[in-house]
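What follows is a set of notes on a single structure, which appears directly below.
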Amino acid sequence: MRIEILLTLLGMGAVTYLTRVLFIVFLDDERLSPFVRRCLRFVPVAVLTSIIIPLVAAPGGRFSPTWDNPYFLAGFLTAGLAAATKNLVITVLGGIGFILLFKILVV
Amino acid sequence: MIDALPIMVSVFPFGLVYGVLAVKSGLTAVEALLSSIIVLAGASQFISLPLFAAGVGPWVIIGTVFIVNIRHFIMGAAISGKMKEPEVFPRLIASYFLVDETFALAAAAWDTDRTTSIRDYLIGSGIVAGSSWLVSTYMGAVFGNLLGDPTRLGLDFAVAAAFIGLLIPQIKGKPEIVVMLWSALFSLFFYFFIPGNWYILLGSILGAVTGALVTSDAD
């Protein structure tokens, strides 16, 4: 157990709890403007996309949205698999399969 | 609590995946378990993993986690209106258990049965789902330690695959596609031009705002 990891986890827990407790204990429900509510609706999609795209389109910090980039190729096929199965475990296992395959084929 | 058994089952593989990826991202099994106890938020914990692996500073991780969690505002506002009991302390406990899965269950419960205490329902289903999450995290972490070099096994891509698996089912229509495209552009831009891994935070905020701009309250 490293102290800096523990402190980071405590910080993550604190901001997470804050978002949960705010409207349940401290604020009225009607304090959010409609525009903010609409923003919040799209946060999950925006967050996930912002994580995924640099990971697959620029692995190791080099921009390469091309078919000879195994991460990009595997990302596409994994998205197809996710759409077809809607199952997280199958998607992760399939994604690992794709990346292993393309690393062999491409390199 | 019986109602929560399906999410106990559905949370379990998710926790296993988290546990495996957490140790592959450099956390120890105990740190992964502590993360599940302290944070108890699947999406936030997943999102922290590539940041821990990249060795970025704690403020970037905490800031990113905050943005991921602001959806709790909406869930908290909705569920608070359904809680009849005014006592603060039990509400403080119930707040800890507000996660996507227990919220979905509670929303179904107040639609069908108006006599249920939503507060107690949230705590009960939270204990069931949370215990499944803790056990599966630890089991996944221990199992992950038995696996070898992450790059050789394709596990460096597993985090991206997990996020893709979480994202795709949420694409329900054109607004989500617009949000995806803009978030992709913004995140890539900040990834290359702003040092320090702020791209997730900035890409998310700007992407979500474009979603609000292309929709109206009538949608």
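As shown in the structure tokens, the chain order sets the letters A, B, ...; within each chain, residues go from 1, and ligands are also counted from 1 in the order they appear.
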
Who sits within 7 Å of segment 28-42 of chain B, only C-alpha atoms, same chain under 4 positions skipped, as a PDB file with N, CA and C atoms, in the first residue's frame:
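Resulting contents of result.pdb:
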```pdb
ATOM      1  N   MET A   1       0.852  -1.209   0.000  1.00  0.00           N
ATOM      2  CA  MET A   1       0.000   0.000   0.000  1.00  0.00           C
ATOM      3  C   MET A   1       0.870   1.234   0.000  1.00  0.00           C
ATOM      4  N   LEU A   9      -6.890   7.630  -4.040  1.00  0.00           N
ATOM      5  CA  LEU A   9      -8.158   6.903  -3.905  1.00  0.00           C
ATOM      6  C   LEU A   9      -9.113   7.643  -2.976  1.00  0.00           C
ATOM      7  N   LEU A  10      -8.585   8.196  -1.893  1.00  0.00           N
ATOM      8  CA  LEU A  10      -9.435   8.956  -0.968  1.00  0.00           C
ATOM      9  C   LEU A  10     -10.003  10.199  -1.653  1.00  0.00           C
ATOM     10  N   MET A  12     -10.526  10.493  -4.933  1.00  0.00           N
ATOM     11  CA  MET A  12     -11.537   9.988  -5.869  1.00  0.00           C
ATOM     12  C   MET A  12     -12.835   9.682  -5.127  1.00  0.00           C
ATOM     13  N   GLY A  13     -12.705   9.038  -3.956  1.00  0.00           N
ATOM     14  CA  GLY A  13     -13.887   8.697  -3.166  1.00  0.00           C
ATOM     15  C   GLY A  13     -14.611   9.944  -2.687  1.00  0.00           C
ATOM     16  N   THR A  16     -16.476  11.607  -5.566  1.00  0.00           N
ATOM     17  CA  THR A  16     -17.591  10.750  -5.967  1.00  0.00           C
ATOM     18  C   THR A  16     -18.736  10.872  -4.962  1.00  0.00           C
TER      19      THR A  16
ATOM     20  N   GLY B  19     -10.822  -5.923 -11.546  1.00  0.00           N
ATOM     21  CA  GLY B  19      -9.725  -6.416 -10.717  1.00  0.00           C
ATOM     22  C   GLY B  19      -8.510  -6.809 -11.545  1.00  0.00           C
ATOM     23  N   ALA B  22      -6.957  -3.692 -13.024  1.00  0.00           N
ATOM     24  CA  ALA B  22      -6.335  -2.833 -12.008  1.00  0.00           C
ATOM     25  C   ALA B  22      -4.905  -3.282 -11.721  1.00  0.00           C
ATOM     26  N   VAL B  23      -4.699  -4.581 -11.555  1.00  0.00           N
ATOM     27  CA  VAL B  23      -3.327  -5.022 -11.274  1.00  0.00           C
ATOM     28  C   VAL B  23      -2.445  -4.889 -12.518  1.00  0.00           C
ATOM     29  N   PHE B  46     -12.737   2.386 -13.446  1.00  0.00           N
ATOM     30  CA  PHE B  46     -12.168   1.974 -14.731  1.00  0.00           C
ATOM     31  C   PHE B  46     -11.366   3.105 -15.359  1.00  0.00           C
ATOM     32  N   VAL B  99     -25.488   4.172  -7.134  1.00  0.00           N
ATOM     33  CA  VAL B  99     -24.718   3.810  -8.328  1.00  0.00           C
ATOM     34  C   VAL B  99     -25.712   3.570  -9.460  1.00  0.00           C
ATOM     35  N   LEU B 134     -17.101  -5.826  -4.365  1.00  0.00           N
ATOM     36  CA  LEU B 134     -15.868  -5.969  -3.590  1.00  0.00           C
ATOM     37  C   LEU B 134     -15.254  -7.352  -3.781  1.00  0.00           C
ATOM     38  N   THR B 137     -13.923  -7.756  -7.355  1.00  0.00           N
ATOM     39  CA  THR B 137     -12.704  -6.966  -7.559  1.00  0.00           C
ATOM     40  C   THR B 137     -11.487  -7.721  -7.034  1.00  0.00           C
ATOM     41  N   TYR B 138     -11.606  -8.218  -5.802  1.00  0.00           N
ATOM     42  CA  TYR B 138     -10.453  -8.869  -5.187  1.00  0.00           C
ATOM     43  C   TYR B 138     -10.095 -10.158  -5.914  1.00  0.00           C
ATOM     44  N   ALA B 141      -8.378  -9.291  -9.087  1.00  0.00           N
ATOM     45  CA  ALA B 141      -7.016  -8.795  -8.866  1.00  0.00           C
ATOM     46  C   ALA B 141      -6.053  -9.952  -8.576  1.00  0.00           C
ATOM     47  N   VAL B 142      -6.511 -10.898  -7.766  1.00  0.00           N
ATOM     48  CA  VAL B 142      -5.662 -12.052  -7.441  1.00  0.00           C
ATOM     49  C   VAL B 142      -5.404 -12.876  -8.702  1.00  0.00           C
TER      50      VAL B 142
END
```

Can you tell me, as a short mmCIF file (atom, residue, chain, number, x, y, z; two decimals) with N, CA and C atoms, in the first residue's frame, what residues are no more than 9 Å from segment 173-176 of chain B when counting only C-alpha atoms, ignoring any on the same chain fewer than 4 positions away?
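The resulting file, around.cif, is reproduced below:
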```
data_model
loop_
_atom_site.label_atom_id
_atom_site.label_comp_id
_atom_site.auth_asym_id
_atom_site.auth_seq_id
_atom_site.Cartn_x
_atom_site.Cartn_y
_atom_site.Cartn_z
N PHE A 42 -25.27 13.61 -21.59
CA PHE A 42 -24.30 13.15 -22.59
C PHE A 42 -22.92 12.90 -21.99
N VAL A 45 -21.30 9.24 -22.59
CA VAL A 45 -20.82 9.02 -23.96
C VAL A 45 -19.57 9.86 -24.23
N ALA A 46 -19.59 11.12 -23.78
CA ALA A 46 -18.45 12.01 -24.04
C ALA A 46 -17.19 11.52 -23.32
N MET B 180 -20.20 11.77 -29.81
CA MET B 180 -19.04 10.91 -30.00
C MET B 180 -18.02 11.57 -30.93
N LEU B 181 -18.50 12.09 -32.07
CA LEU B 181 -17.58 12.68 -33.05
C LEU B 181 -16.85 13.89 -32.46
N THR B 210 -21.67 19.94 -26.60
CA THR B 210 -22.19 19.86 -27.97
C THR B 210 -23.48 19.04 -27.99
N GLY B 211 -23.56 18.01 -27.14
CA GLY B 211 -24.79 17.22 -27.06
C GLY B 211 -25.97 18.07 -26.62
N ALA B 212 -25.73 18.92 -25.63
CA ALA B 212 -26.81 19.80 -25.15
C ALA B 212 -27.19 20.82 -26.21
N VAL B 214 -27.16 20.38 -29.50
CA VAL B 214 -27.90 19.81 -30.65
C VAL B 214 -29.22 19.18 -30.22
N THR B 215 -29.55 19.24 -28.93
CA THR B 215 -30.84 18.69 -28.50
C THR B 215 -31.66 19.81 -27.87
#
```

When DSSP is applied to the backbone of this structure, which of chain B are assigned helix (DSSP H, G or I)? Write them out as a ChimeraX atom specification. /B:2-24,29-38,42-54,58-69,71-80,88-96,100-112,118-146,158-170,174-193,199-213

Counting only C-alpha atoms, the residue of A:Thr66, A:Gly80, A:Thr85, A:Leu100 that sits nearest chain B: A:Leu100

Residues of chain B that approach chain A to 6 Å or less, counting only C-alpha atoms: could you list each one with the shortest pair of atoms and its distance in Å to one decimal, rows by chain and increasing residue number, as JSON lines?
```
{"residue": "B:Ser35", "atom": "CA", "partner": "A:Leu9", "partner_atom": "CA", "distance": 5.9}
{"residue": "B:Ile38", "atom": "CA", "partner": "A:Gly13", "partner_atom": "CA", "distance": 5.2}
{"residue": "B:Val39", "atom": "CA", "partner": "A:Gly13", "partner_atom": "CA", "distance": 4.1}
{"residue": "B:Pro58", "atom": "CA", "partner": "A:Thr8", "partner_atom": "CA", "distance": 5.4}
{"residue": "B:Ile62", "atom": "CA", "partner": "A:Met12", "partner_atom": "CA", "distance": 5.0}
{"residue": "B:Phe66", "atom": "CA", "partner": "A:Val15", "partner_atom": "CA", "distance": 5.6}
{"residue": "B:Ile70", "atom": "CA", "partner": "A:Thr19", "partner_atom": "CA", "distance": 5.9}
{"residue": "B:Arg71", "atom": "CA", "partner": "A:Leu40", "partner_atom": "CA", "distance": 5.5}
{"residue": "B:His72", "atom": "CA", "partner": "A:Arg20", "partner_atom": "CA", "distance": 5.4}
{"residue": "B:Phe73", "atom": "CA", "partner": "A:Thr19", "partner_atom": "CA", "distance": 5.8}
{"residue": "B:Gly76", "atom": "CA", "partner": "A:Phe23", "partner_atom": "CA", "distance": 5.1}
{"residue": "B:Ala77", "atom": "CA", "partner": "A:Asp29", "partner_atom": "CA", "distance": 4.5}
{"residue": "B:Ser80", "atom": "CA", "partner": "A:Ile24", "partner_atom": "CA", "distance": 4.7}
{"residue": "B:Ser95", "atom": "CA", "partner": "A:Val21", "partner_atom": "CA", "distance": 5.1}
{"residue": "B:Gly154", "atom": "CA", "partner": "A:Ile96", "partner_atom": "CA", "distance": 5.2}
{"residue": "B:Ala158", "atom": "CA", "partner": "A:Val92", "partner_atom": "CA", "distance": 5.8}
{"residue": "B:Ala160", "atom": "CA", "partner": "A:Ile52", "partner_atom": "CA", "distance": 5.7}
{"residue": "B:Ala161", "atom": "CA", "partner": "A:Val92", "partner_atom": "CA", "distance": 5.1}
{"residue": "B:Ala162", "atom": "CA", "partner": "A:Val92", "partner_atom": "CA", "distance": 5.4}
{"residue": "B:Ile164", "atom": "CA", "partner": "A:Ala79", "partner_atom": "CA", "distance": 5.9}
{"residue": "B:Gly165", "atom": "CA", "partner": "A:Ala82", "partner_atom": "CA", "distance": 5.2}
{"residue": "B:Ile168", "atom": "CA", "partner": "A:Ala83", "partner_atom": "CA", "distance": 6.0}
{"residue": "B:Met180", "atom": "CA", "partner": "A:Thr49", "partner_atom": "CA", "distance": 5.9}
{"residue": "B:Ser183", "atom": "CA", "partner": "A:Ala46", "partner_atom": "CA", "distance": 5.5}
{"residue": "B:Ala184", "atom": "CA", "partner": "A:Ser50", "partner_atom": "CA", "distance": 5.7}
{"residue": "B:Ser187", "atom": "CA", "partner": "A:Ser50", "partner_atom": "CA", "distance": 5.1}
{"residue": "B:Leu188", "atom": "CA", "partner": "A:Pro54", "partner_atom": "CA", "distance": 5.9}
{"residue": "B:Ile200", "atom": "CA", "partner": "A:Ser50", "partner_atom": "CA", "distance": 5.1}
{"residue": "B:Gly203", "atom": "CA", "partner": "A:Ser50", "partner_atom": "CA", "distance": 5.6}
{"residue": "B:Ser204", "atom": "CA", "partner": "A:Val47", "partner_atom": "CA", "distance": 4.6}
{"residue": "B:Gly207", "atom": "CA", "partner": "A:Ala46", "partner_atom": "CA", "distance": 5.2}
{"residue": "B:Ala208", "atom": "CA", "partner": "A:Phe42", "partner_atom": "CA", "distance": 4.9}
{"residue": "B:Val209", "atom": "CA", "partner": "A:Cys39", "partner_atom": "CA", "distance": 5.3}
{"residue": "B:Ala212", "atom": "CA", "partner": "A:Cys39", "partner_atom": "CA", "distance": 4.9}
```

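If you look at atom CA of Val65 of chain B and atom CA of Ile177 of chain B, they are 23.0 Å away from each other.
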
Got a sec: who's within 10 Å of Asp120 of chain B, counting only C-alpha atoms, leaving out chain neighbours fewer than 2 positions off, as a list in words?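 So, after excluding close chain neighbours, the residues are Met1, Met83, Glu85, Pro90, Arg91, Ile93, Ala94, Ala106, Thr116, Ser117, Ile118, Leu122, Ile123, Gly124, Ser125 and Gly126 of chain B.
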
Next, write the just-selected residues to a file, as a short mmCIF file (atom, residue, chain, number, x, y, z; two decimals), in the first residue's frame, keeping C-alpha atoms as the atom set.
```
data_model
loop_
_atom_site.label_atom_id
_atom_site.label_comp_id
_atom_site.auth_asym_id
_atom_site.auth_seq_id
_atom_site.Cartn_x
_atom_site.Cartn_y
_atom_site.Cartn_z
CA MET B 1 -32.96 -7.12 -1.51
CA MET B 83 -37.42 9.86 -0.50
CA GLU B 85 -37.86 10.41 5.14
CA PRO B 90 -29.71 7.71 6.90
CA ARG B 91 -29.70 9.87 3.78
CA ILE B 93 -25.65 6.44 4.19
CA ALA B 94 -28.05 5.98 1.27
CA ALA B 106 -35.01 2.21 -7.41
CA THR B 116 -41.64 1.10 -0.74
CA SER B 117 -39.17 3.27 1.18
CA ILE B 118 -36.86 4.38 -1.62
CA LEU B 122 -31.29 2.12 -2.11
CA ILE B 123 -29.37 0.99 0.98
CA GLY B 124 -30.53 -2.65 0.66
CA SER B 125 -29.78 -3.01 -3.04
CA GLY B 126 -26.51 -1.09 -2.52
#
```

For the atom pair atom CA of Leu49 of chain B and atom CA of Val9 of chain B, what is the interatomic distance in Å to one decimal place?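 For atom CA of Leu49 of chain B relative to atom CA of Val9 of chain B, the distance reads 23.3 Å.
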
Which one of B:Lys24, B:Lys172, B:Arg119, B:Lys82 sits closest to Leu98 of chain B if you count only C-alpha atoms?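 Between B:Lys24, B:Lys172, B:Arg119, B:Lys82, the residue approaching Leu98 of chain B most closely is B:Arg119.
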
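Of note, atom CA of Asn69 of chain B and atom CA of Tyr96 of chain B are spaced 12.7 Å apart.
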